[in-house]
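*Asks:* Below is my_file-v5.cif; it holds mmCIF, N, CA and C atoms.
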```
data_structure
#
loop_
_atom_site.label_atom_id
_atom_site.label_comp_id
_atom_site.auth_asym_id
_atom_site.auth_seq_id
_atom_site.Cartn_x
_atom_site.Cartn_y
_atom_site.Cartn_z
N SER A 1 0.83 -1.19 0.00
CA SER A 1 0.00 0.00 0.00
C SER A 1 0.88 1.25 0.00
N ILE A 2 0.30 2.34 -0.47
CA ILE A 2 1.01 3.61 -0.57
C ILE A 2 0.58 4.51 0.58
N ASN A 3 1.56 5.08 1.28
CA ASN A 3 1.27 6.02 2.35
C ASN A 3 1.39 7.43 1.78
N LEU A 4 0.25 8.10 1.56
CA LEU A 4 0.25 9.42 0.98
C LEU A 4 0.84 10.48 1.90
N ASN A 5 0.83 10.24 3.20
CA ASN A 5 1.42 11.22 4.12
C ASN A 5 2.91 11.37 3.88
N ASN A 6 3.60 10.29 3.49
CA ASN A 6 5.02 10.37 3.18
C ASN A 6 5.26 10.83 1.75
N ALA A 7 4.32 10.54 0.85
CA ALA A 7 4.49 10.89 -0.55
C ALA A 7 4.29 12.38 -0.79
N ILE A 8 3.41 13.01 -0.02
CA ILE A 8 3.09 14.42 -0.21
C ILE A 8 3.14 15.13 1.14
N PRO A 9 4.30 15.25 1.75
CA PRO A 9 4.37 15.81 3.10
C PRO A 9 3.97 17.27 3.20
N SER A 10 4.22 18.07 2.16
CA SER A 10 3.93 19.50 2.27
C SER A 10 2.43 19.79 2.33
N ILE A 11 1.63 18.94 1.74
CA ILE A 11 0.19 19.16 1.75
C ILE A 11 -0.40 18.77 3.10
N THR A 12 0.19 17.82 3.78
CA THR A 12 -0.38 17.34 5.02
C THR A 12 0.04 18.17 6.23
N LYS A 13 1.06 19.02 6.09
CA LYS A 13 1.49 19.86 7.20
C LYS A 13 0.51 21.01 7.38
N LYS A 14 0.29 21.39 8.62
CA LYS A 14 -0.61 22.50 8.89
C LYS A 14 0.12 23.82 8.73
N VAL A 15 -0.59 24.80 8.25
CA VAL A 15 -0.05 26.15 8.11
C VAL A 15 -0.91 27.07 8.96
N GLU A 16 -0.29 28.10 9.56
CA GLU A 16 -1.10 29.01 10.35
C GLU A 16 -2.15 29.64 9.44
N ALA A 17 -3.26 30.03 10.02
CA ALA A 17 -4.39 30.52 9.24
C ALA A 17 -4.00 31.68 8.34
N VAL A 18 -4.29 31.53 7.07
CA VAL A 18 -4.08 32.59 6.10
C VAL A 18 -5.43 32.87 5.47
N TYR A 19 -5.85 34.08 5.52
CA TYR A 19 -7.14 34.43 4.95
C TYR A 19 -6.98 35.57 3.96
N PHE A 20 -7.78 35.51 2.95
CA PHE A 20 -7.86 36.58 1.98
C PHE A 20 -9.26 37.14 2.02
N TYR A 21 -9.36 38.43 2.02
CA TYR A 21 -10.66 39.08 2.08
C TYR A 21 -10.69 40.20 1.07
N PRO A 22 -11.81 40.66 0.60
CA PRO A 22 -13.11 40.03 0.86
C PRO A 22 -13.27 38.75 0.04
N ASN A 23 -14.06 37.86 0.53
CA ASN A 23 -14.34 36.60 -0.15
C ASN A 23 -15.79 36.23 0.14
N PRO A 24 -16.67 36.41 -0.85
CA PRO A 24 -16.40 36.68 -2.26
C PRO A 24 -15.99 38.14 -2.49
N THR A 25 -15.35 38.36 -3.65
CA THR A 25 -14.92 39.70 -4.04
C THR A 25 -15.70 40.15 -5.26
N ASP A 26 -16.06 41.41 -5.27
CA ASP A 26 -16.81 41.96 -6.41
C ASP A 26 -15.89 42.40 -7.55
N ASN A 27 -14.68 42.86 -7.21
CA ASN A 27 -13.82 43.45 -8.23
C ASN A 27 -12.55 42.64 -8.51
N GLY A 28 -12.39 41.49 -7.90
CA GLY A 28 -11.22 40.65 -8.14
C GLY A 28 -10.00 41.05 -7.34
N ARG A 29 -10.14 42.00 -6.43
CA ARG A 29 -9.02 42.41 -5.58
C ARG A 29 -9.21 41.84 -4.18
N ILE A 30 -8.16 41.16 -3.70
CA ILE A 30 -8.21 40.57 -2.36
C ILE A 30 -6.98 41.01 -1.57
N THR A 31 -7.06 40.89 -0.26
CA THR A 31 -5.98 41.31 0.64
C THR A 31 -5.61 40.14 1.54
N SER A 32 -4.32 39.95 1.76
CA SER A 32 -3.82 38.88 2.62
C SER A 32 -3.74 39.36 4.06
N THR A 33 -4.06 38.49 5.00
CA THR A 33 -3.93 38.83 6.42
C THR A 33 -2.58 38.44 6.98
N LEU A 34 -1.77 37.68 6.24
CA LEU A 34 -0.43 37.27 6.66
C LEU A 34 0.54 37.33 5.49
N SER A 35 1.82 37.40 5.77
CA SER A 35 2.84 37.32 4.71
C SER A 35 2.95 35.88 4.23
N VAL A 36 3.08 35.71 2.91
CA VAL A 36 3.23 34.38 2.33
C VAL A 36 4.34 34.40 1.29
N ASN A 37 4.91 33.23 1.01
CA ASN A 37 6.01 33.11 0.05
C ASN A 37 5.54 33.08 -1.40
N LYS A 38 4.41 32.43 -1.64
CA LYS A 38 3.92 32.29 -3.02
C LYS A 38 2.42 32.06 -3.00
N ILE A 39 1.74 32.64 -3.97
CA ILE A 39 0.31 32.42 -4.18
C ILE A 39 0.13 31.92 -5.59
N ARG A 40 -0.62 30.85 -5.72
CA ARG A 40 -1.00 30.33 -7.03
C ARG A 40 -2.52 30.30 -7.08
N VAL A 41 -3.10 30.75 -8.18
CA VAL A 41 -4.53 30.69 -8.37
C VAL A 41 -4.81 29.61 -9.39
N LEU A 42 -5.63 28.65 -8.99
CA LEU A 42 -5.95 27.51 -9.84
C LEU A 42 -7.44 27.50 -10.17
N SER A 43 -7.78 27.02 -11.36
CA SER A 43 -9.18 26.75 -11.66
C SER A 43 -9.59 25.53 -10.83
N LEU A 44 -10.87 25.27 -10.74
CA LEU A 44 -11.32 24.10 -9.98
C LEU A 44 -10.90 22.79 -10.64
N SER A 45 -10.50 22.85 -11.90
CA SER A 45 -9.99 21.65 -12.58
C SER A 45 -8.48 21.49 -12.39
N GLY A 46 -7.84 22.47 -11.69
CA GLY A 46 -6.42 22.36 -11.39
C GLY A 46 -5.49 23.11 -12.32
N THR A 47 -6.02 23.83 -13.29
CA THR A 47 -5.20 24.60 -14.22
C THR A 47 -4.64 25.84 -13.53
N LEU A 48 -3.34 26.07 -13.66
CA LEU A 48 -2.71 27.25 -13.09
C LEU A 48 -3.09 28.47 -13.91
N LEU A 49 -3.69 29.47 -13.24
CA LEU A 49 -4.15 30.68 -13.92
C LEU A 49 -3.30 31.89 -13.60
N PHE A 50 -2.71 31.90 -12.41
CA PHE A 50 -1.96 33.06 -11.95
C PHE A 50 -1.00 32.61 -10.85
N GLU A 51 0.18 33.23 -10.82
CA GLU A 51 1.15 32.91 -9.78
C GLU A 51 1.95 34.16 -9.45
N THR A 52 2.22 34.36 -8.18
CA THR A 52 3.04 35.48 -7.75
C THR A 52 3.87 35.07 -6.53
N ALA A 53 5.04 35.64 -6.43
CA ALA A 53 5.91 35.35 -5.29
C ALA A 53 5.78 36.45 -4.25
N GLN A 54 6.05 36.11 -3.01
CA GLN A 54 6.13 37.01 -1.87
C GLN A 54 5.02 38.05 -1.82
N LEU A 55 4.07 37.80 -0.95
CA LEU A 55 2.98 38.73 -0.70
C LEU A 55 3.05 39.11 0.76
N GLU A 56 3.17 40.38 1.04
CA GLU A 56 3.29 40.86 2.42
C GLU A 56 1.92 40.96 3.09
N LYS A 57 1.93 41.00 4.41
CA LYS A 57 0.69 41.16 5.18
C LYS A 57 0.00 42.44 4.75
N ASN A 58 -1.31 42.36 4.56
CA ASN A 58 -2.17 43.48 4.15
C ASN A 58 -1.89 43.99 2.74
N GLN A 59 -1.13 43.23 1.94
CA GLN A 59 -0.89 43.60 0.56
C GLN A 59 -2.05 43.14 -0.31
N ASN A 60 -2.42 43.96 -1.29
CA ASN A 60 -3.51 43.62 -2.19
C ASN A 60 -3.01 42.75 -3.33
N LEU A 61 -3.87 41.87 -3.79
CA LEU A 61 -3.61 41.02 -4.94
C LEU A 61 -4.71 41.28 -5.95
N ASP A 62 -4.34 41.70 -7.16
CA ASP A 62 -5.31 42.06 -8.19
C ASP A 62 -5.56 40.86 -9.11
N LEU A 63 -6.74 40.29 -9.00
CA LEU A 63 -7.15 39.16 -9.85
C LEU A 63 -8.30 39.57 -10.76
N SER A 64 -8.41 40.87 -11.02
CA SER A 64 -9.54 41.39 -11.80
C SER A 64 -9.56 40.88 -13.25
N ALA A 65 -8.44 40.34 -13.73
CA ALA A 65 -8.41 39.78 -15.09
C ALA A 65 -9.16 38.45 -15.17
N LEU A 66 -9.44 37.83 -14.02
CA LEU A 66 -10.15 36.54 -14.01
C LEU A 66 -11.65 36.76 -14.14
N GLN A 67 -12.31 35.83 -14.79
CA GLN A 67 -13.76 35.89 -14.94
C GLN A 67 -14.45 35.55 -13.63
N SER A 68 -15.72 35.88 -13.53
CA SER A 68 -16.52 35.50 -12.36
C SER A 68 -16.52 33.99 -12.22
N GLY A 69 -16.46 33.52 -10.97
CA GLY A 69 -16.49 32.08 -10.73
C GLY A 69 -15.75 31.71 -9.47
N PHE A 70 -15.53 30.42 -9.31
CA PHE A 70 -14.84 29.89 -8.15
C PHE A 70 -13.43 29.48 -8.52
N TYR A 71 -12.49 29.74 -7.62
CA TYR A 71 -11.08 29.45 -7.83
C TYR A 71 -10.50 28.86 -6.55
N LEU A 72 -9.34 28.26 -6.68
CA LEU A 72 -8.62 27.70 -5.55
C LEU A 72 -7.31 28.46 -5.39
N LEU A 73 -7.09 29.02 -4.19
CA LEU A 73 -5.83 29.69 -3.89
C LEU A 73 -4.91 28.67 -3.25
N GLU A 74 -3.72 28.52 -3.78
CA GLU A 74 -2.68 27.68 -3.17
C GLU A 74 -1.71 28.65 -2.50
N ILE A 75 -1.62 28.56 -1.19
CA ILE A 75 -0.87 29.52 -0.38
C ILE A 75 0.34 28.81 0.21
N GLN A 76 1.54 29.29 -0.12
CA GLN A 76 2.77 28.66 0.36
C GLN A 76 3.46 29.57 1.37
N THR A 77 3.73 29.01 2.54
CA THR A 77 4.49 29.71 3.58
C THR A 77 5.61 28.78 4.01
N ASN A 78 6.85 29.18 3.77
CA ASN A 78 8.02 28.35 4.06
C ASN A 78 7.86 26.99 3.39
N ASP A 79 7.77 25.90 4.15
CA ASP A 79 7.63 24.57 3.55
C ASP A 79 6.21 24.03 3.66
N LYS A 80 5.25 24.91 3.90
CA LYS A 80 3.85 24.49 4.09
C LYS A 80 2.97 25.03 2.98
N ILE A 81 1.89 24.29 2.70
CA ILE A 81 0.93 24.69 1.67
C ILE A 81 -0.47 24.60 2.26
N ALA A 82 -1.27 25.64 2.00
CA ALA A 82 -2.67 25.64 2.41
C ALA A 82 -3.50 26.01 1.18
N TYR A 83 -4.78 25.68 1.23
CA TYR A 83 -5.68 25.98 0.13
C TYR A 83 -6.89 26.73 0.66
N GLN A 84 -7.37 27.67 -0.15
CA GLN A 84 -8.58 28.42 0.19
C GLN A 84 -9.39 28.62 -1.07
N LYS A 85 -10.69 28.39 -0.96
CA LYS A 85 -11.58 28.63 -2.09
C LYS A 85 -11.86 30.13 -2.18
N LEU A 86 -11.89 30.65 -3.40
CA LEU A 86 -12.17 32.07 -3.64
C LEU A 86 -13.28 32.19 -4.66
N ARG A 87 -14.20 33.12 -4.40
CA ARG A 87 -15.27 33.40 -5.36
C ARG A 87 -15.13 34.83 -5.85
N ILE A 88 -15.10 34.97 -7.15
CA ILE A 88 -15.12 36.29 -7.78
C ILE A 88 -16.51 36.46 -8.39
N LYS A 89 -17.21 37.51 -7.97
CA LYS A 89 -18.57 37.75 -8.47
C LYS A 89 -18.56 38.36 -9.85
#
```
Show how you would write the structure in this file as C-alpha cells.
*Replies:*
Amino acid sequence: SINLNNAIPSITKKVEAVYFYPNPTDNGRITSTLSVNKIRVLSLSGTLLFETAQLEKNQNLDLSALQSGFYLLEIQTNDKIAYQKLRIK
C-alpha cells in the first residue's frame, strides 16, 4: 500500500491561518492577512491561472483579469501549503 502522508508531506502539514478578504470579491481584488512566500490561483480543474511570489501582510492582490467564478488559492508559507476557495462575483 502507498502512504500518501510520506508521498506528499507539504500538503499534510498545517499552516497558520491565512485568509484573503473580501471573499467573495466583487472586483477581483483581495488582501492577505499574513505574509506568504507564493500564491497560485488555480481553476477548480487544477489549471494554473496566476502565480506570484512574496505577498506581504495586508498587501492587495489584483485578480480582476479573471472571470466570475470559483477558484482555488494555493498559499505557500516556508515549507507548508494551504488551500482556500475564492469566489469572484
*Asks:* Give me, please, the distance in Å between atom CA of Asn23 of chain A and atom CA of Lys80 of chain A, quoted to one decimal.
*Replies:*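 Computed distance, atom CA of Asn23 of chain A to atom CA of Lys80 of chain A, equals 22.3 Å.
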*Asks:* Hey, can you check how far atom CA of Leu66 of chain A sits from atom CA of Val36 of chain A?
*Replies:* 21.2 Å
*Asks:* So that I can check the surroundings of segment 54-65 of chain A, please list as a PyMOL selection string every protein, DNA and RNA residue that reaches within 8 Å of it, counting only C-alpha atoms and ignoring chain neighbours fewer than 2 positions away.
*Replies:* chain A and resi 27-39+52+67
*Asks:* Can you measure atom CA of Thr25 of chain A to atom CA of Ile88 of chain A for me? One decimal in Å is fine.
*Replies:*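 So the answer is 5.1 Å.
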*Asks:* Using only N, CA and C atoms, which of A:Phe50, A:Asp26, A:Tyr21, A:Ser43 sits nearest Phe70 of chain A?
*Replies:*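 Smallest distance to Phe70 of chain A is found for A:Ser43.
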*Asks:* Box for segment 41-45 of chain A - axis-aligned, 3 Å on each of the six sides, all listed atoms - centre and size in Å to one decimal, as AutoDock Vina command-line options.
*Replies:*
```
--center_x -7.2 --center_y 26.1 --center_z -10.4 --size_x 14.2 --size_y 15.3 --size_z 10.4
```
*Asks:* Between A:Phe20, A:Lys89, A:Ser68, A:Glu74, which has the minimum distance to Leu42 of chain A (counting all atoms listed in the file)?
*Replies:* A:Glu74
*Asks:* Find, counting only C-alpha atoms, the residue in A:Pro24, A:Arg87, A:Ile81, A:Leu73 that gets nearest to Leu48 of chain A.
*Replies:*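 Looking at the shortest contact to Leu48 of chain A, the residue is A:Leu73.
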*Asks:* Identify which of the residues A:Ser45, A:Tyr19, A:Gly69, A:Ala53 lies closest to Gln84 of chain A, counting only N, CA and C atoms when measuring atom-to-atom distances.
*Replies:* A:Tyr19
*Asks:* Run DSSP on the backbone of this structure and report the residues of segment 21-79 of chain A it assigns to strand (DSSP E or B), as a PyMOL selection string.
*Replies:* chain A and resi 21+25+29-32+36-42+48-55+60-62+69-77
